[in-house]
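**Q** This is the structure I have questions about; it appears just below.
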Amino acid sequence: MSTVDDLLALFPLTLPIPTPDAVPELITPKDFYREENLLRNPQSFQAWWSAIHTSREAYAAQIKLERSDQPESAAALLGPLATPLARISLQRLTYLYESALVHFPNSFKLWKSYLTMRMSFVLGRQTIKKRAGGRKKFPEMKDALVDEREDLEQWEGGLNGIIGWEEWKSLVATFERALMWLPNLPRLWLMYISIFFHPMCPPVISYTHARHTFDRALRTLPPSLHARIWVRYLLWAESRGGSTLVAVYRRYTSVDPSVTENFTHLLLHPIDGKARPLEAAKLLLSLARKAAKGEYQSPEGKSPYQLLEDWIDVVEKFSDEVGLDVDETVQSNAEAAQAEAKEAENENGNEPASVDGQLVRIAGPPVAVDKDGKALPPYDEDTDFQSPRKLNIEHIIHKDGFSVYKDQAGRLWTGLATYWIKRGEFDRAKETFEKGLASVLTIRDFTQIFDAYAEFGESLISAMMESLADEEDEEEAAETEKELDMKMKEFEELMDRRPFLINNVLIRRNPNDVQEWEKLVALHGEDDEKVAETYTRALETINPRKATANLHRLYVNFAKFYEEGGTARQAEPDLDSARKILEKGTKVNFKAVEDLAEIWCEWAELELRHDNYDEAIHVMQRAAAIPKNTRINYHDHNLSAQTRLFKSLKLWSFYVDLEESIGTVETTKMVYDKILDLRIANAQIIVNYAAFLEENKYYEESFKVYDRGVELFTFPISFEIWNIYLAKFVKRYGGSKLERARDLFEQALEKCPPKSCKPIFLMYAKLEEEYGLAKRAMSIYERATQVVADEDRFEMFTIYIAKATANYGLPAIRPIYERALEVLPDRQTAEMCLRFAALERKLGEIDRARAIYAHASQFCDPRVNPQFWSEWNAFEYETGSEDTFREMLRIKRSVQAQFNTEASYIAAQTMAARQGTRQTSDTAPEETDAMAVAEKEAGNAPSFVAAKRTALHPTNSVPESTSAAAANEDEIHISDDEEL
């Protein structure tokens, strides 16, 4: 079994460089020809390269058959040099390469091949990772670190660093000689650097020597290639950890801060187990401040707030190592406040730069500049990671958190409170929670803080209960129990305060929110002192011009509070205080005049509830006082509400109702007249005034009010007044003042629009029918058919025809029908034609009826109006002949062809579906009538059998044969199926 000494005796192999004199086995008889050839051609690179290549291939072939002469444990330590063949091959190849390099010391190809060979005997066999595609442009350092970490060389086996120390040292010396000849080739430097990552690399090489090598590479290579060295340098520093990691990353972040976030992660999760949270916190704080100023952009896409949140996470996790304690924090806060006050004083108290034309230098702190002359930011110890001073967490969160990220106040307050909890400063944490609840402006932030506060209280109570269960000393147990009771009481009070705290948040967000103040009053319940205090604070806080709706309700409800003797109604009513509150409300400049009017009305109602009728009238007289200048625009919001109050219709309406209830007729009339004079009355006021006068038997005056109303308003508002006015007038006078009534009706119809005039015409015609002449009534109906809107014209003609029939009989209405057919729209013409045709049939005018049907057919699509064609079909069945029936069918086909377009067909189907008359395509409409049934019963019999004489058409009474013989040759023959 080989000992360590035996293994050490095998080395060194290549130091010094093997020669035939020192190593007799270096050249065999087989190598004589090669040596002679190289001696003849020492300057031939190809000869040297061929010799080296041949020797390496021979070694590769022999090594597959060679077995180690060492046990497994020793072979593991020797790695690639475990066999004698490997050791002698290394010496032979080294001799060849060194001999070649004597003649070609500047050959990169030769040096690279040589170094690769030497590395394979010392480091072992390299595992080659296959990459998809070629290497792209060097990425950013953050991504380069990830890629390079995956691409680090992996080795199988390798020579132990202690046993093979001489060979490791010889390999390093070979690299140094190569770099002496080719110092500017980055590939050689990267190969050299790669050996420092080998797990068996001796510490002397992989630590101090490696750091010096990285530094020499950075000094030697141009700056454009530094990134490739730095990525390996940073990875090497990560593998070493400790002060090496910190020193290397500090050097690099001073040039490129993009890896600072990765640096902070390494500081918090080091491989040696010694975290540096203070330095990490200061770096994160520096990044957050730079990002807030736009001077830094996170490679991971984090916003400035997210960086600050990462800093808060570090502060919460490492509270003792990062932040100051309570006393130090208080002292630091006081110093910061003094510094800010002094700075503000200096800013406000600066003297002018020039006095009497002479320049005056203002003293100030020195300004540091960089090499380009640009001003550097002032020194900040909070972001100096080399400073051992801890951070004032409260000051930083207020300065960099609350003042910048107002929408994240909940997270900031909970982070600060958690910091104090982790330090065991529970009173400070509770104080922080209370400050947060008293300052946030959104429900989300409030919920976040309150939940954390409640969780803190629950955990504290649970911890005290556990300690109480384990406590053995009775005195300490009693003291702990007392403290536990106090904490539980505080926790219950916190839960009870939650609705009030939420309400305070909403009021802070909008102090002018009237509804939230009312909710706060409701929360106090029957606590009269708190209710009064809340009302008072609300009225002092709210800005009337910015208040939400119903600000006047606060004054009204506050006055009712005193009027009713408090919320519980147990105190004595205080009417004087209620009046003072309402008096104060009347002086508030509300946004809406109606709110001010509501205050005055509520004041009057207060007096009415306590039977102070004269005082109520006096209050309304004060409110409705009319100024000298009545041309004020009611909608001019630049004027105060008090200035525009006299034009408030709500105020006057209440006033006039009050006068109607408790005043006299004269005072009521006076108020109504003032409303009309101010021209603020609406139609309801006119109707109410007239009704009031009518109730008090002032009929003519009521009609004058109606006259004034129709003068004030135009249609369609005056239409309602006219309706009531005319109805009241006709009811009052009937036919006694017929001419005056006619004048009123004519006056109403003069400006009445067509869509509103139908009721007035009907009322007018009824007046003439009852008290006037039928002829005038008929003329009114005729006027109405010409004036009314199109949608009312059909109904108007129907009424006109009914009245004409009753007064003059059937023959007199024929001209009315004819005029209706001329003016009615197409969709109504068909209905009117059916009625007209029915009239003609009653009068025995069959030909006229048929002509009317033919006229109406052009407006009736058979698919939409099957009822019309059914009636015409029945008419021909009852009164017509074969010729007239054929003519009817011909017209029907013509009309159907006229409407047979895609759009009209779709419309027809839609209308038929709506009317429920749509038929299947297999059944024609004609098959459902009586004629079709009769023909089916008759079988193949002809559709018509000509009679010798008919009652209605004597001229058509000819024999069948004569009729067939005299038929027109150009006549269109219709089959039986078509007739059906």
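Naming works like this for the structure tokens: A, B, ... for the chains as they're shown, residue 1 at the start of each chain, ligands 1 onward in shown order.
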Find the residues near Asp407 in chain A: any atom within 10 Å, counting only C-alpha atoms, skip ones fewer than 4 places away on the same chain, and give them as a PDB file with N, CA and C atoms, in the first residue's frame.

**A**
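Dumped to result-v9.pdb:
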```
ATOM      1  N   GLY A 401     -40.333  57.587   3.043  1.00  0.00           N
ATOM      2  CA  GLY A 401     -41.558  56.813   2.865  1.00  0.00           C
ATOM      3  C   GLY A 401     -42.803  57.664   2.824  1.00  0.00           C
ATOM      4  N   PHE A 402     -43.186  58.224   3.967  1.00  0.00           N
ATOM      5  CA  PHE A 402     -44.452  58.955   4.048  1.00  0.00           C
ATOM      6  C   PHE A 402     -44.474  60.188   3.156  1.00  0.00           C
ATOM      7  N   ARG A 411     -48.423  50.066   4.659  1.00  0.00           N
ATOM      8  CA  ARG A 411     -47.253  49.181   4.711  1.00  0.00           C
ATOM      9  C   ARG A 411     -46.107  49.837   5.471  1.00  0.00           C
ATOM     10  N   LEU A 412     -45.922  51.135   5.311  1.00  0.00           N
ATOM     11  CA  LEU A 412     -44.823  51.823   5.985  1.00  0.00           C
ATOM     12  C   LEU A 412     -45.026  51.856   7.495  1.00  0.00           C
ATOM     13  N   VAL A 440     -53.597  57.898   8.488  1.00  0.00           N
ATOM     14  CA  VAL A 440     -53.852  57.365   7.150  1.00  0.00           C
ATOM     15  C   VAL A 440     -55.127  57.962   6.572  1.00  0.00           C
ATOM     16  N   LEU A 441     -55.224  57.901   5.246  1.00  0.00           N
ATOM     17  CA  LEU A 441     -56.340  58.545   4.545  1.00  0.00           C
ATOM     18  C   LEU A 441     -57.191  57.578   3.729  1.00  0.00           C
ATOM     19  N   THR A 442     -56.822  56.317   3.681  1.00  0.00           N
ATOM     20  CA  THR A 442     -57.592  55.348   2.895  1.00  0.00           C
ATOM     21  C   THR A 442     -57.975  54.166   3.770  1.00  0.00           C
ATOM     22  N   ARG A 444     -57.938  51.094   2.825  1.00  0.00           N
ATOM     23  CA  ARG A 444     -56.985  50.008   2.629  1.00  0.00           C
ATOM     24  C   ARG A 444     -55.822  50.117   3.609  1.00  0.00           C
ATOM     25  N   ASP A 445     -55.254  51.327   3.739  1.00  0.00           N
ATOM     26  CA  ASP A 445     -54.153  51.515   4.685  1.00  0.00           C
ATOM     27  C   ASP A 445     -54.617  51.301   6.117  1.00  0.00           C
TER      28      ASP A 445
END
```

**Q** So that I can check the surroundings of range 725-728 of chain A, please list as a PyMOL selection string every protein, DNA and RNA residue that reaches within 12 Å of it, counting only C-alpha atoms and ignoring chain neighbours fewer than 3 positions away.

**A** chain A and resi 683+686-687+690-691+694+699-700+702-710+718-722+731-734+738+740-749+759-764+766-767

**Q** When distances are computed from only C-alpha atoms, which of A:Ala227, A:Ile205, A:Leu10, A:Cys752 shows the smallest separation from Leu190 in chain A?

**A**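 Looking at the shortest contact to Leu190 in chain A, the residue is A:Ala227.
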
**Q** Identify, on the basis of only C-alpha atoms, every residue whose closest approach to range 488-497 of chain A does not exceed 9 Å; exclude the query and any residue fewer than 5 positions from it along the same chain; express the result as a list of chain:residue names.

**A** A:Ala454, A:Gly457, A:Glu458, A:Ile461, A:Glu483, A:Ile502

**Q** Those residues you just picked out, can you put them in a file as an mmCIF file, in the first residue's frame with C-alpha atoms?

**A**
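Here's the written file selection15.cif:
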```cif
data_model
loop_
_atom_site.group_PDB
_atom_site.id
_atom_site.type_symbol
_atom_site.label_atom_id
_atom_site.label_comp_id
_atom_site.auth_asym_id
_atom_site.auth_seq_id
_atom_site.Cartn_x
_atom_site.Cartn_y
_atom_site.Cartn_z
ATOM 1 C CA ALA A 454 -54.931 43.504 16.350
ATOM 2 C CA GLY A 457 -52.363 42.530 20.590
ATOM 3 C CA GLU A 458 -53.493 38.925 20.222
ATOM 4 C CA ILE A 461 -51.888 38.372 25.118
ATOM 5 C CA GLU A 483 -50.908 43.235 33.339
ATOM 6 C CA ILE A 502 -62.803 54.120 10.169
#
```

**Q** For Ala452 in chain A, work out the shell of residues within 10 Å, counting only C-alpha atoms and skipping chain neighbours fewer than 5 positions away, then give it as a list of chain:residue names.

**A**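 These residues fall inside the cut-off: A:Gly410, A:Arg411, A:Trp413, A:Thr414, A:Gly415, A:Ala417, A:Thr418, A:Phe433, A:Phe446, A:Thr447, A:Gly457, A:Glu458.
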
**Q** Keeping only N, CA and C atoms, write the selected residues as a CSV table (one decimal), in the first residue's frame.

**A**
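Writing done, so here's result25.csv:
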```csv
chain,number,residue,atom,x,y,z
A,410,GLY,N,-50.0,52.5,4.8
A,410,GLY,CA,-50.3,51.3,5.6
A,410,GLY,C,-49.1,50.4,5.8
A,411,ARG,N,-48.4,50.1,4.7
A,411,ARG,CA,-47.3,49.2,4.7
A,411,ARG,C,-46.1,49.8,5.5
A,413,TRP,N,-46.3,52.1,7.9
A,413,TRP,CA,-46.5,52.2,9.4
A,413,TRP,C,-46.4,50.8,10.0
A,414,THR,N,-46.9,49.8,9.3
A,414,THR,CA,-46.8,48.4,9.9
A,414,THR,C,-45.3,48.0,9.9
A,415,GLY,N,-44.5,48.4,8.9
A,415,GLY,CA,-43.1,48.0,8.9
A,415,GLY,C,-42.4,48.7,10.0
A,417,ALA,N,-43.7,49.7,12.9
A,417,ALA,CA,-44.2,49.1,14.1
A,417,ALA,C,-43.6,47.7,14.3
A,418,THR,N,-43.5,46.9,13.2
A,418,THR,CA,-42.8,45.6,13.3
A,418,THR,C,-41.4,45.7,13.7
A,433,PHE,N,-48.5,52.3,16.0
A,433,PHE,CA,-49.8,51.9,15.5
A,433,PHE,C,-50.8,53.0,15.6
A,446,PHE,N,-55.8,51.8,6.4
A,446,PHE,CA,-56.3,51.6,7.8
A,446,PHE,C,-56.5,50.1,8.1
A,447,THR,N,-57.1,49.4,7.2
A,447,THR,CA,-57.3,47.9,7.4
A,447,THR,C,-55.9,47.2,7.6
A,457,GLY,N,-51.7,42.7,19.3
A,457,GLY,CA,-52.4,42.5,20.6
A,457,GLY,C,-52.7,41.1,20.9
A,458,GLU,N,-53.2,40.3,20.0
A,458,GLU,CA,-53.5,38.9,20.2
A,458,GLU,C,-52.2,38.1,20.6
```
